[in-house]
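Student: Got a file for you: model_22.txt, compact mmCIF, C-alpha atoms and all ligand atoms.
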# COMPACT_ATOMS: atom_id res chain seq x y z
CA MET A 1 -33.91 54.46 69.94
CA SER A 2 -30.81 53.64 72.02
CA CYS A 3 -27.36 53.50 70.46
CA ASP A 4 -27.29 49.68 70.80
CA GLU A 5 -30.72 49.36 69.15
CA GLN A 6 -29.56 51.58 66.29
CA LYS A 7 -26.47 49.40 65.83
CA LEU A 8 -28.58 46.20 65.82
CA ASP A 9 -30.88 47.80 63.22
CA LYS A 10 -27.87 48.45 61.02
CA LEU A 11 -26.51 44.92 61.55
CA LYS A 12 -29.90 43.54 60.43
CA ALA A 13 -29.52 45.31 57.08
CA LEU A 14 -25.97 44.15 56.30
CA HIS A 15 -25.03 42.34 53.11
CA LEU A 16 -22.10 40.02 53.83
CA ILE A 17 -20.16 37.37 51.96
CA LEU A 18 -18.52 34.53 53.86
CA LEU A 19 -15.52 33.22 51.93
CA GLY A 20 -13.40 30.26 52.94
CA ALA A 21 -12.51 26.69 52.03
CA PRO A 22 -15.00 23.85 52.55
CA GLY A 23 -15.01 23.13 56.28
CA SER A 24 -13.80 26.59 57.28
CA GLY A 25 -17.02 27.18 59.24
CA LYS A 26 -19.00 29.38 56.85
CA GLY A 27 -22.27 27.56 57.51
CA THR A 28 -21.73 27.50 61.28
CA GLN A 29 -20.93 31.21 61.38
CA ALA A 30 -23.82 32.08 59.10
CA GLY A 31 -26.19 30.19 61.43
CA TYR A 32 -24.80 32.05 64.44
CA LEU A 33 -25.05 35.48 62.78
CA LYS A 34 -28.51 34.71 61.45
CA ASN A 35 -29.73 34.04 64.99
CA ASN A 36 -27.97 37.01 66.56
CA TRP A 37 -28.49 39.67 63.89
CA GLN A 38 -31.63 38.31 62.20
CA LEU A 39 -29.92 38.20 58.81
CA LEU A 40 -31.06 35.79 56.11
CA HIS A 41 -28.68 32.91 55.53
CA ILE A 42 -28.35 32.14 51.83
CA SER A 43 -26.29 29.00 51.25
CA THR A 44 -25.93 27.87 47.64
CA GLY A 45 -24.92 24.41 48.89
CA ASP A 46 -28.16 24.12 50.92
CA ILE A 47 -30.29 25.41 48.04
CA LEU A 48 -28.67 22.93 45.65
CA ARG A 49 -29.04 20.00 48.09
CA ALA A 50 -32.76 20.84 48.42
CA GLU A 51 -33.04 20.86 44.59
CA VAL A 52 -31.34 17.44 44.45
CA ARG A 53 -33.74 16.07 47.10
CA ALA A 54 -36.71 17.47 45.17
CA ASP A 55 -35.33 15.85 41.97
CA SER A 56 -35.88 19.12 40.09
CA GLU A 57 -34.26 19.84 36.73
CA LEU A 58 -31.60 21.97 38.43
CA GLY A 59 -31.03 19.26 41.06
CA ARG A 60 -30.55 16.61 38.37
CA GLU A 61 -28.06 18.84 36.53
CA ALA A 62 -26.13 19.68 39.70
CA LYS A 63 -26.00 16.28 41.42
CA ALA A 64 -22.94 14.68 39.76
CA TYR A 65 -20.85 17.85 40.11
CA MET A 66 -21.70 18.09 43.79
CA GLU A 67 -20.99 14.46 44.62
CA SER A 68 -17.53 14.61 43.05
CA GLY A 69 -16.67 17.95 44.64
CA GLU A 70 -16.65 19.90 41.37
CA LEU A 71 -18.33 23.26 41.02
CA VAL A 72 -21.76 23.42 39.41
CA PRO A 73 -21.44 25.48 36.18
CA ASP A 74 -21.51 29.25 36.64
CA ASP A 75 -24.55 29.89 34.42
CA LEU A 76 -26.77 27.59 36.53
CA ILE A 77 -25.59 29.13 39.80
CA ILE A 78 -25.86 32.71 38.57
CA ARG A 79 -29.42 32.18 37.32
CA MET A 80 -30.39 30.52 40.62
CA MET A 81 -28.92 33.35 42.70
CA GLU A 82 -30.45 36.06 40.54
CA GLU A 83 -33.89 34.61 41.31
CA ARG A 84 -33.08 34.29 45.02
CA LEU A 85 -31.69 37.81 45.49
CA LYS A 86 -34.48 39.45 43.50
CA SER A 87 -37.01 37.92 45.89
CA ILE A 88 -35.49 39.62 48.96
CA GLY A 89 -36.93 42.92 50.09
CA ASP A 90 -34.79 45.95 50.96
CA ALA A 91 -35.39 45.62 54.70
CA ASN A 92 -33.57 42.31 55.00
CA GLY A 93 -29.82 41.94 55.22
CA TYR A 94 -28.23 38.64 54.28
CA ILE A 95 -25.17 36.44 54.50
CA LEU A 96 -24.02 34.76 51.31
CA ASP A 97 -22.47 31.40 52.19
CA GLY A 98 -20.79 29.56 49.32
CA PHE A 99 -21.46 32.24 46.71
CA PRO A 100 -19.60 33.61 44.84
CA ARG A 101 -17.09 30.82 44.26
CA THR A 102 -15.52 31.98 40.99
CA VAL A 103 -14.49 35.34 39.59
CA ALA A 104 -17.27 35.05 36.97
CA GLN A 105 -19.80 34.61 39.81
CA ALA A 106 -18.34 37.60 41.70
CA GLU A 107 -18.67 39.79 38.60
CA ALA A 108 -22.23 38.57 38.06
CA LEU A 109 -22.99 39.32 41.73
CA ASP A 110 -21.67 42.90 41.33
CA ASN A 111 -24.11 43.36 38.43
CA MET A 112 -27.03 41.78 40.32
CA LEU A 113 -26.43 43.98 43.38
CA ALA A 114 -26.19 47.10 41.22
CA ARG A 115 -29.53 46.22 39.59
CA ILE A 116 -31.37 45.61 42.87
CA VAL A 117 -29.50 48.50 44.57
CA HIS A 118 -28.00 46.46 47.40
CA LYS A 119 -24.61 47.52 48.69
CA LEU A 120 -22.11 44.84 49.67
CA ASP A 121 -20.80 45.74 53.14
CA CYS A 122 -18.03 43.25 53.84
CA VAL A 123 -16.40 40.04 52.67
CA VAL A 124 -15.18 37.85 55.51
CA ASN A 125 -12.49 35.32 54.65
CA LEU A 126 -12.26 32.46 57.20
CA GLU A 127 -8.74 31.02 57.24
CA VAL A 128 -8.15 27.40 58.34
CA ALA A 129 -5.19 25.07 57.56
CA ASP A 130 -5.80 22.09 55.25
CA THR A 131 -5.12 19.45 57.95
CA GLU A 132 -7.84 20.97 60.16
CA LEU A 133 -10.26 21.27 57.20
CA ILE A 134 -9.77 17.56 56.43
CA ARG A 135 -10.30 16.62 60.09
CA ARG A 136 -13.52 18.66 60.23
CA LEU A 137 -14.93 17.40 56.92
CA THR A 138 -14.14 13.69 57.28
CA GLY A 139 -15.80 13.67 60.73
CA ARG A 140 -18.84 15.75 59.73
CA ARG A 141 -22.25 14.09 59.89
CA VAL A 142 -25.45 15.84 58.83
CA CYS A 143 -29.11 15.19 59.44
CA SER A 144 -30.76 13.70 56.37
CA SER A 145 -33.94 15.73 57.07
CA CYS A 146 -33.16 19.08 58.67
CA GLY A 147 -29.49 19.47 57.69
CA ALA A 148 -28.24 19.99 61.30
CA VAL A 149 -24.50 19.44 61.51
CA PHE A 150 -22.60 17.17 63.96
CA HIS A 151 -19.05 15.83 64.23
CA VAL A 152 -17.95 12.32 65.23
CA ASP A 153 -15.43 13.71 67.78
CA THR A 154 -16.23 17.31 68.60
CA MET A 155 -20.00 17.60 68.31
CA GLN A 156 -21.56 14.23 68.97
CA PRO A 157 -25.35 13.87 69.04
CA LYS A 158 -26.99 12.72 72.30
CA VAL A 159 -27.91 9.40 70.66
CA ALA A 160 -25.34 7.99 68.20
CA GLY A 161 -26.42 8.42 64.57
CA ILE A 162 -29.59 10.37 65.42
CA CYS A 163 -30.26 14.09 65.01
CA ASP A 164 -30.80 15.98 68.30
CA ASN A 165 -33.21 18.41 66.60
CA CYS A 166 -35.61 16.22 64.65
CA GLY A 167 -34.74 12.59 65.51
CA ASP A 168 -33.91 11.64 61.92
CA LYS A 169 -30.85 9.70 60.75
CA LEU A 170 -27.39 11.29 60.50
CA ILE A 171 -25.48 10.62 57.32
CA GLN A 172 -22.09 11.42 55.82
CA ARG A 173 -22.41 13.62 52.73
CA LYS A 174 -20.92 11.89 49.65
CA ASP A 175 -18.72 14.94 49.13
CA ASP A 176 -17.37 14.58 52.70
CA GLN A 177 -15.55 11.38 51.73
CA LEU A 178 -11.79 11.80 51.45
CA ASP A 179 -11.45 11.67 47.62
CA ALA A 180 -14.13 14.30 47.15
CA ILE A 181 -12.68 16.45 49.97
CA ILE A 182 -9.25 16.49 48.33
CA ASN A 183 -10.88 17.49 45.05
CA ARG A 184 -12.94 20.21 46.76
CA LEU A 185 -9.81 21.70 48.33
CA GLU A 186 -8.05 21.74 44.95
CA VAL A 187 -11.08 23.31 43.31
CA TYR A 188 -11.20 25.90 46.10
CA LYS A 189 -7.54 26.84 45.57
CA ALA A 190 -7.82 27.05 41.80
CA GLN A 191 -11.23 28.69 41.40
CA THR A 192 -12.28 30.40 44.63
CA MET A 193 -9.03 31.68 46.15
CA PRO A 194 -8.65 34.30 43.37
CA LEU A 195 -11.66 36.00 45.01
CA ILE A 196 -9.43 36.94 47.95
CA GLU A 197 -7.50 39.24 45.63
CA TYR A 198 -10.70 40.34 43.88
CA TYR A 199 -12.21 41.66 47.12
CA GLN A 200 -8.87 42.83 48.54
CA ALA A 201 -8.52 45.11 45.51
CA ARG A 202 -12.00 46.51 46.34
CA LYS A 203 -10.96 47.03 50.01
CA MET A 204 -13.82 44.83 51.21
CA LEU A 205 -11.90 41.83 52.56
CA VAL A 206 -11.36 40.99 56.21
CA THR A 207 -9.44 37.78 56.99
CA ILE A 208 -10.22 36.04 60.28
CA ASP A 209 -8.58 32.99 61.86
CA GLY A 210 -11.34 30.37 61.61
CA THR A 211 -9.96 28.16 64.39
CA ILE A 212 -10.45 30.39 67.45
CA GLY A 213 -13.91 29.06 68.40
CA VAL A 214 -17.39 29.80 67.07
CA PRO A 215 -18.32 32.75 69.38
CA GLN A 216 -14.81 34.23 69.03
CA VAL A 217 -14.97 34.12 65.23
CA ALA A 218 -18.45 35.69 65.37
CA GLU A 219 -17.14 38.43 67.65
CA SER A 220 -14.26 39.13 65.22
CA ILE A 221 -16.79 39.40 62.39
CA ARG A 222 -18.92 41.76 64.51
CA GLN A 223 -15.90 43.96 65.19
CA ALA A 224 -14.92 43.95 61.51
CA VAL A 225 -18.35 45.04 60.29
CA SER A 226 -19.11 47.37 63.21
CA GLY A 227 -16.23 49.68 62.37
CA GLY A 228 -18.41 51.76 60.07
CA LEU A 229 -21.62 51.58 62.16
P1 LIG A 301 -21.16 23.60 50.07
O1 LIG A 301 -22.24 23.03 50.92
O2 LIG A 301 -21.12 25.09 50.06
O3 LIG A 301 -19.81 22.98 50.36
O4 LIG A 301 -21.52 23.20 48.57
C1 LIG A 301 -21.63 21.84 48.17
C2 LIG A 301 -21.43 21.71 46.66
O5 LIG A 301 -22.43 22.48 45.98
C3 LIG A 301 -20.11 22.26 46.14
O6 LIG A 301 -19.04 21.35 46.27
C4 LIG A 301 -20.48 22.51 44.67
O7 LIG A 301 -20.54 21.31 43.94
C5 LIG A 301 -21.88 23.05 44.80
N1 LIG A 301 -21.88 24.53 44.97
C6 LIG A 301 -22.28 25.24 46.05
N2 LIG A 301 -22.14 26.56 45.84
C7 LIG A 301 -21.64 26.68 44.58
C8 LIG A 301 -21.27 27.79 43.78
N3 LIG A 301 -21.37 29.06 44.22
N4 LIG A 301 -20.78 27.55 42.55
C9 LIG A 301 -20.67 26.29 42.06
N5 LIG A 301 -21.00 25.20 42.77
C10 LIG A 301 -21.48 25.38 44.01
Starting from the file, lay out its structure as structure tokens.
Ligand code: AMP

Tutor:
Amino acid sequence: MSCDEQKLDKLKALHLILLGAPGSGKGTQAGYLKNNWQLLHISTGDILRAEVRADSELGREAKAYMESGELVPDDLIIRMMEERLKSIGDANGYILDGFPRTVAQAEALDNMLARIVHKLDCVVNLEVADTELIRRLTGRRVCSSCGAVFHVDTMQPKVAGICDNCGDKLIQRKDDQLDAIINRLEVYKAQTMPLIEYYQARKMLVTIDGTIGVPQVAESIRQAVSGGL
């Protein structure tokens, strides 16, 4: 096996966390890394939205929290993620997008990973100023069927209001309306930002400027995680 193939093999087995405020580009980066490194993309927001669409018990419990920009209670999220992580084999690496979001979730994740013997390789913190986050989130439109993401200014679909991928309608998420966005940013500062210190203390944190362009951010992440490969 060539050196590059060996490196790709190691990238495929990575366990990463993407941290960052709503709108910092976690989902976009996770999609990019998933395609390039064949990692699984595990987004708690996407899992919860699918539960809401399916009108499951979890979806019904989570819906009001999500629409107002509050966090879904830790016990529900931890149980959901325990199930999800247990179902992943050892061969697959993954990117956690939107989890953990509280110190209690981070502690629960440490315990889960210890039980399933997965080692956390790196926590990437995407840094973006509030004004840019608000611009990104207020202009975001998502496909009601496949979840593809567009922006009214910077990533317009070919036909206005219609998804390029599946032809379904684009909508604005309820939590992408300004009141909910402001709440989400406050919740992020109060409940999720303490994780920066949590992972800094464990020497796992790498902070990357989230405004330098999608491929550039991905390349910075690659450099950060490749150090030890
Ligand atoms: P996201 O798509 O990651 O912005 O998540 C959308 C919403 O789902 C959040 O505003 C929360 O209401 C909920 N959510 C997602 N992940 C979590 C989590 N780890 N803990 C609590 N709530 C979450």

Student: Around the point (-17.0, 21.9, 45.2) (coordinates from the file), which residues reach within 10 Å if we count all atoms listed in the file? Answer as a list of chain:residue names.

Tutor: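 Output: A:Ala21, A:Pro22, A:Gly45, A:Tyr65, A:Met66, A:Glu67, A:Ser68, A:Gly69, A:Glu70, A:Leu71, A:Val72, A:Gly98, A:Arg101, A:Asp175, A:Ala180, A:Ile181, A:Ile182, A:Asn183, A:Arg184, A:Leu185, A:Glu186, A:Val187, A:Tyr188, A:Gln191, A:Thr192.
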
Student: Under the rule that all atoms listed in the file are counted, which of A:Ser145, A:Gln38, A:Gln156, A:Thr102 is the nearest residue to Leu19 of chain A?

Tutor: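 Distance minimum relative to Leu19 of chain A lands on A:Thr102.
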
Student: Please measure the separation of atom O3 of ligand LIG 301 (chain A) and atom CA of Gly23 of chain A, giving the value in Å to one decimal.

Tutor: 7.6 Å

Student: Residues around (-25.0, 38.5, 37.8), cut-off 12 Å, counting all atoms listed in the file - what are they as an NGL selection string?

Tutor: :A and (74-86 or 99-100 or 102-116)

Student: Taking 6 positions as the minimum chain separation for residues in the same chain, which residues sit within 12 Å of Asp153 of chain A when counting only C-alpha atoms? Answer as number ranges by chain.

Tutor: A: 135-141, 160

Student: Padding of 8 Å on every side, edges along x, y and z, all listed atoms of segment 126-145 of chain A included: what centre and edge lengths in Å, to one decimal, does that box have, as AutoDock Vina command-line options?

Tutor:
--center_x -19.5 --center_y 23.1 --center_z 58.0 --size_x 44.8 --size_y 34.8 --size_z 21.5

Student: Within 10 Å of segment 210-226 of chain A, counting all atoms listed in the file, which residues qualify if same-chain residues fewer than 6 places away don't, as a count of residues only?

Tutor: 30

Student: What gap, in Å, lies between atom CA of Ile95 of chain A and atom CA of His41 of chain A?

Tutor: 5.1 Å

Student: Which distance in Å separates atom O7 of ligand LIG 301 (chain A) and atom CA of Thr44 of chain A, to one decimal?

Tutor: 9.3 Å

Student: So which one's closest to ligand LIG 301 (chain A), A:Leu195, A:Ala201, A:Cys163, A:His15? Using all atoms listed in the file, please.

Tutor: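 Answer, going by the shortest atom-to-atom distance: A:Leu195.
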